[in-house]
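File shown: data.csv. Contents: CSV, C-alpha atoms.
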```
chain,number,residue,atom,x,y,z
A,16,MET,CA,11.0,25.2,-5.3
A,17,THR,CA,9.4,22.5,-3.1
A,18,SER,CA,10.1,19.8,-5.6
A,19,HIS,CA,13.8,20.9,-5.8
A,20,ARG,CA,14.0,20.8,-2.0
A,21,ILE,CA,12.5,17.3,-1.9
A,22,LEU,CA,14.8,16.0,-4.6
A,23,ALA,CA,17.9,17.5,-2.8
A,24,ARG,CA,16.8,16.0,0.5
A,25,THR,CA,16.3,12.6,-1.2
A,26,LEU,CA,19.6,12.6,-2.9
A,27,LEU,CA,21.4,13.6,0.3
A,28,SER,CA,19.6,11.0,2.5
A,29,LYS,CA,19.7,8.3,-0.2
A,30,THR,CA,16.5,6.8,1.3
A,31,LEU,CA,13.2,6.3,-0.7
A,32,PHE,CA,9.9,4.5,-0.3
A,33,TYR,CA,7.9,3.0,-3.1
A,34,GLY,CA,5.6,5.6,-4.5
A,35,GLY,CA,2.0,5.7,-5.7
A,36,GLY,CA,0.7,4.1,-2.5
A,37,CYS,CA,2.7,0.8,-2.6
A,38,SER,CA,4.5,1.6,0.6
A,39,GLU,CA,1.2,2.1,2.5
A,40,SER,CA,-0.3,-1.1,1.0
A,41,MET,CA,2.8,-3.1,1.9
A,42,GLN,CA,2.4,-1.9,5.5
A,43,ILE,CA,-1.2,-2.9,5.6
A,44,PHE,CA,-0.3,-6.3,4.1
A,45,TYR,CA,2.5,-6.8,6.7
A,46,LEU,CA,0.2,-5.8,9.6
A,47,LYS,CA,-2.5,-8.1,8.5
A,48,LEU,CA,0.0,-11.0,8.3
A,49,GLN,CA,1.5,-10.3,11.8
A,50,SER,CA,-1.3,-9.5,14.1
A,51,THR,CA,-5.1,-9.2,14.5
A,52,ASN,CA,-5.2,-7.3,17.8
A,53,LEU,CA,-7.3,-4.2,18.2
A,54,ALA,CA,-4.4,-1.7,18.0
A,55,SER,CA,-3.1,-3.1,14.7
A,56,ARG,CA,-6.6,-2.9,13.3
A,57,TYR,CA,-6.8,0.8,14.2
A,58,LEU,CA,-3.4,1.3,12.6
A,59,ILE,CA,-4.5,-0.5,9.5
A,60,LYS,CA,-7.5,1.7,9.3
A,61,SER,CA,-5.4,4.8,9.7
A,62,ILE,CA,-3.0,3.8,7.0
A,63,ALA,CA,-5.9,2.8,4.7
A,64,THR,CA,-7.4,6.3,5.3
A,65,VAL,CA,-4.2,7.9,4.2
A,66,LEU,CA,-4.1,5.6,1.2
A,67,ARG,CA,-7.7,6.4,0.2
A,68,ALA,CA,-7.0,10.1,0.6
A,69,GLN,CA,-4.1,9.9,-1.8
A,70,HIS,CA,-6.1,8.2,-4.5
A,71,ARG,CA,-9.4,10.0,-4.0
A,72,GLY,CA,-11.7,7.1,-3.7
A,73,ASP,CA,-10.6,5.1,-6.8
A,74,ASP,CA,-11.0,1.3,-6.5
A,75,TYR,CA,-7.8,-0.3,-5.5
A,76,VAL,CA,-6.7,-3.8,-4.3
A,77,ILE,CA,-3.6,-5.2,-2.6
A,78,ASP,CA,-1.9,-8.3,-3.9
A,79,ARG,CA,-1.4,-11.2,-1.5
A,80,ILE,CA,2.1,-11.9,-3.0
A,81,TYR,CA,4.1,-8.8,-2.3
A,82,GLY,CA,1.5,-6.4,-0.9
A,83,HIS,CA,1.7,-3.9,-3.7
A,84,LEU,CA,-1.3,-1.6,-4.7
A,85,TRP,CA,-3.2,-2.3,-7.9
A,86,SER,CA,-5.9,-0.1,-9.4
A,87,LEU,CA,-9.0,-1.4,-11.0
A,88,SER,CA,-10.5,-0.1,-14.3
A,89,ASP,CA,-14.1,0.9,-14.7
A,90,ASN,CA,-15.0,-2.6,-16.0
A,91,ASP,CA,-13.5,-4.2,-12.8
A,92,GLN,CA,-10.2,-5.4,-14.5
A,93,ILE,CA,-6.8,-5.0,-12.9
A,94,ARG,CA,-4.3,-2.7,-14.4
A,95,ASP,CA,-1.1,-3.9,-16.1
A,96,ARG,CA,1.2,-2.6,-13.4
A,97,CYS,CA,1.2,-1.9,-9.6
A,98,ALA,CA,1.1,1.7,-8.4
A,99,CYS,CA,4.8,2.2,-8.2
A,100,GLU,CA,5.3,0.1,-11.5
A,101,LEU,CA,7.8,-2.3,-9.9
A,102,TYR,CA,5.6,-5.3,-10.8
A,103,SER,CA,3.6,-6.1,-13.9
A,104,ALA,CA,0.7,-8.5,-14.0
A,105,SER,CA,0.9,-11.8,-16.0
A,106,GLU,CA,-2.0,-12.8,-18.1
A,107,ARG,CA,-3.0,-15.4,-15.5
A,108,PHE,CA,-2.9,-12.8,-12.7
A,109,ARG,CA,-5.2,-10.5,-14.7
A,110,THR,CA,-7.8,-13.2,-15.0
A,111,GLU,CA,-7.5,-14.6,-11.4
A,112,TRP,CA,-6.8,-11.3,-9.5
A,113,GLN,CA,-9.9,-11.8,-7.3
A,114,MET,CA,-8.3,-14.8,-5.7
A,115,ASN,CA,-4.9,-13.2,-5.3
A,116,CYS,CA,-5.9,-9.7,-4.0
A,117,PHE,CA,-7.9,-8.1,-1.3
A,118,HIS,CA,-9.7,-4.8,-1.0
A,119,LEU,CA,-8.7,-2.2,1.6
A,120,GLU,CA,-12.0,-2.7,3.4
A,121,ASN,CA,-11.4,-6.4,3.8
A,122,GLU,CA,-11.1,-7.3,7.5
A,123,ASN,CA,-10.1,-10.9,7.1
A,124,LEU,CA,-6.6,-12.3,7.7
A,125,VAL,CA,-4.5,-12.2,4.6
A,126,GLU,CA,-2.8,-15.5,3.6
A,127,LYS,CA,0.3,-15.0,1.5
A,128,ILE,CA,0.3,-16.6,-1.9
A,129,ILE,CA,3.4,-18.7,-2.8
A,130,ASP,CA,2.9,-18.6,-6.6
A,131,LYS,CA,5.2,-15.7,-7.5
A,132,ASP,CA,4.9,-16.3,-11.3
A,133,LEU,CA,1.7,-14.4,-11.3
A,134,ILE,CA,3.6,-11.1,-11.1
A,135,ARG,CA,6.7,-10.2,-13.0
A,136,ARG,CA,9.2,-7.8,-11.4
A,137,GLU,CA,10.5,-5.0,-13.6
A,138,SER,CA,14.0,-3.7,-13.4
A,139,TYR,CA,13.2,-0.8,-11.1
A,140,PRO,CA,10.1,1.0,-9.8
A,141,LYS,CA,9.2,4.2,-11.6
A,142,TYR,CA,7.6,6.1,-8.7
A,143,PHE,CA,9.2,6.9,-5.4
A,144,ASP,CA,8.2,9.0,-2.4
A,145,ASP,CA,10.4,11.1,-0.1
A,146,ALA,CA,11.3,9.0,3.0
A,147,GLN,CA,11.2,11.9,5.4
A,148,MET,CA,7.8,13.0,4.3
A,149,ARG,CA,6.4,9.4,4.3
A,150,THR,CA,8.0,8.7,7.7
A,151,ASN,CA,6.2,11.8,9.1
A,152,ALA,CA,2.9,10.6,7.6
A,153,PHE,CA,3.3,7.1,9.1
A,154,ARG,CA,4.2,8.6,12.5
A,155,ASN,CA,1.0,10.7,12.4
A,156,ALA,CA,-1.0,7.6,11.4
A,157,ILE,CA,0.5,5.6,14.3
A,158,GLU,CA,-0.2,8.4,16.8
A,159,THR,CA,-3.7,8.7,15.5
A,160,ALA,CA,-4.3,5.0,15.8
A,161,MET,CA,-2.9,5.1,19.4
A,162,ASN,CA,-5.1,8.0,20.4
A,163,ILE,CA,-8.2,6.3,18.9
A,164,HIS,CA,-7.3,3.1,20.8
A,165,LEU,CA,-6.8,5.0,24.0
A,166,THR,CA,-10.0,6.9,23.8
A,167,SER,CA,-12.0,3.9,22.4
A,168,VAL,CA,-13.3,5.9,19.5
A,169,CYS,CA,-14.1,3.9,16.4
A,170,LEU,CA,-13.4,5.2,12.8
```
Can I see the file as C-alpha cells?
Amino acid sequence: MTSHRILARTLLSKTLFYGGGCSESMQIFYLKLQSTNLASRYLIKSIATVLRAQHRGDDYVIDRIYGHLWSLSDNDQIRDRCACELYSASERFRTEWQMNCFHLENENLVEKIIDKDLIRRESYPKYFDDAQMRTNAFRNAIETAMNIHLTSVCL
C-alpha cells in the first residue's frame, strides 16, 4: 500500500531525486565546494549521518567529478556503477579511484576534477527516491544541523 502511494505521489508531482544515496552525496559534494564555515560542516555531518544510516556502515566514497556515491567491495575495489546507476566507471577510474574520490569522513576541501572521461554516463539512472520524502529528510537534517550549531554540541 505504501509503495503504491509513493508511486502515485511521484507520478502526480513529476519530481524525483537520484536514489541509492546519490542525492545525499551530491549535496555533501556541493557543500564542500561552496563553503567551509562551521554551519555547513554541521550540515555535511548531518547529511552524512543520514547517508550512513541508509547503507548500514558499508564503505562508500564520493567521486570528485559529479558527486555521486560509489560503494567499495571487500577487497577495496570500486564497484562498476554509482549507487543510482547513472554513471559507470571506466577502467582508468577503477584503477585510479583513490585520487578521484573522497570518503564521507574526509574533512578536507574537495577540488573538482575536470577529466570527465573517467566516468561514463548511462542513458538514465535506475534508482530514484520520492522527492517529498527526501525533502522532508533534508529539512530534518538542516534543522538538526542548525540546532547543533546553536547549542554548540558536536556530533
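Close contacts of range 101-106 of chain A, defined as residues with an atom at most 8 Å away when counting all atoms listed in the file, with chain neighbours fewer than 4 positions off set aside, comprise Arg94, Asp95, Arg96, Cys97, Thr110, Asp132, Leu133, Ile134, Arg135, Arg136, Glu137, Ser138, Tyr139, Pro140 and Lys141 of chain A.
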What are the nearest atom pairs, with distances in Å to one decimal, for all residues of range 127-163 of chain A that come at most 8 Å from range 42-64 of chain A, using all atoms listed in the file, set out by chain and rising residue number as JSON lines?
```
{"residue": "A:Lys127", "atom": "CA", "partner": "A:Leu48", "partner_atom": "CA", "distance": 7.9}
{"residue": "A:Phe153", "atom": "CA", "partner": "A:Ile62", "partner_atom": "CA", "distance": 7.4}
{"residue": "A:Ala156", "atom": "CA", "partner": "A:Ser61", "partner_atom": "CA", "distance": 5.5}
{"residue": "A:Ile157", "atom": "CA", "partner": "A:Leu58", "partner_atom": "CA", "distance": 6.0}
{"residue": "A:Thr159", "atom": "CA", "partner": "A:Ser61", "partner_atom": "CA", "distance": 7.2}
{"residue": "A:Ala160", "atom": "CA", "partner": "A:Leu58", "partner_atom": "CA", "distance": 5.0}
{"residue": "A:Met161", "atom": "CA", "partner": "A:Ala54", "partner_atom": "CA", "distance": 7.1}
{"residue": "A:Ile163", "atom": "CA", "partner": "A:Tyr57", "partner_atom": "CA", "distance": 7.4}
```
Written file, previous selection with C-alpha atoms, as a tab-separated table (two decimals), in the frame of the given file:
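Wrote it out as result_2.tsv, contents follow:
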```tsv
chain	number	residue	atom	x	y	z
A	127	LYS	CA	0.30	-15.00	1.50
A	153	PHE	CA	3.30	7.10	9.10
A	156	ALA	CA	-1.00	7.60	11.40
A	157	ILE	CA	0.50	5.60	14.30
A	159	THR	CA	-3.70	8.70	15.50
A	160	ALA	CA	-4.30	5.00	15.80
A	161	MET	CA	-2.90	5.10	19.40
A	163	ILE	CA	-8.20	6.30	18.90
```
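One finds CA of Asn123 in chain A at 18.3 Å from CA of Asp74 in chain A.
Using all atoms listed in the file, the shortest contact distance between Ser18 in chain A and any of A:Arg67, A:Asn115, A:Glu158, A:Asp144 is found at A:Asp144.
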Check your understanding: Counting all atoms listed in the file, what is within 12 Å of Ala98 in chain A, bar same-chain residues fewer than 6 positions away, as a ChimeraX atom specification?
Key -> /A:33-41,66,69-70,75-78,82-87,104,140-144
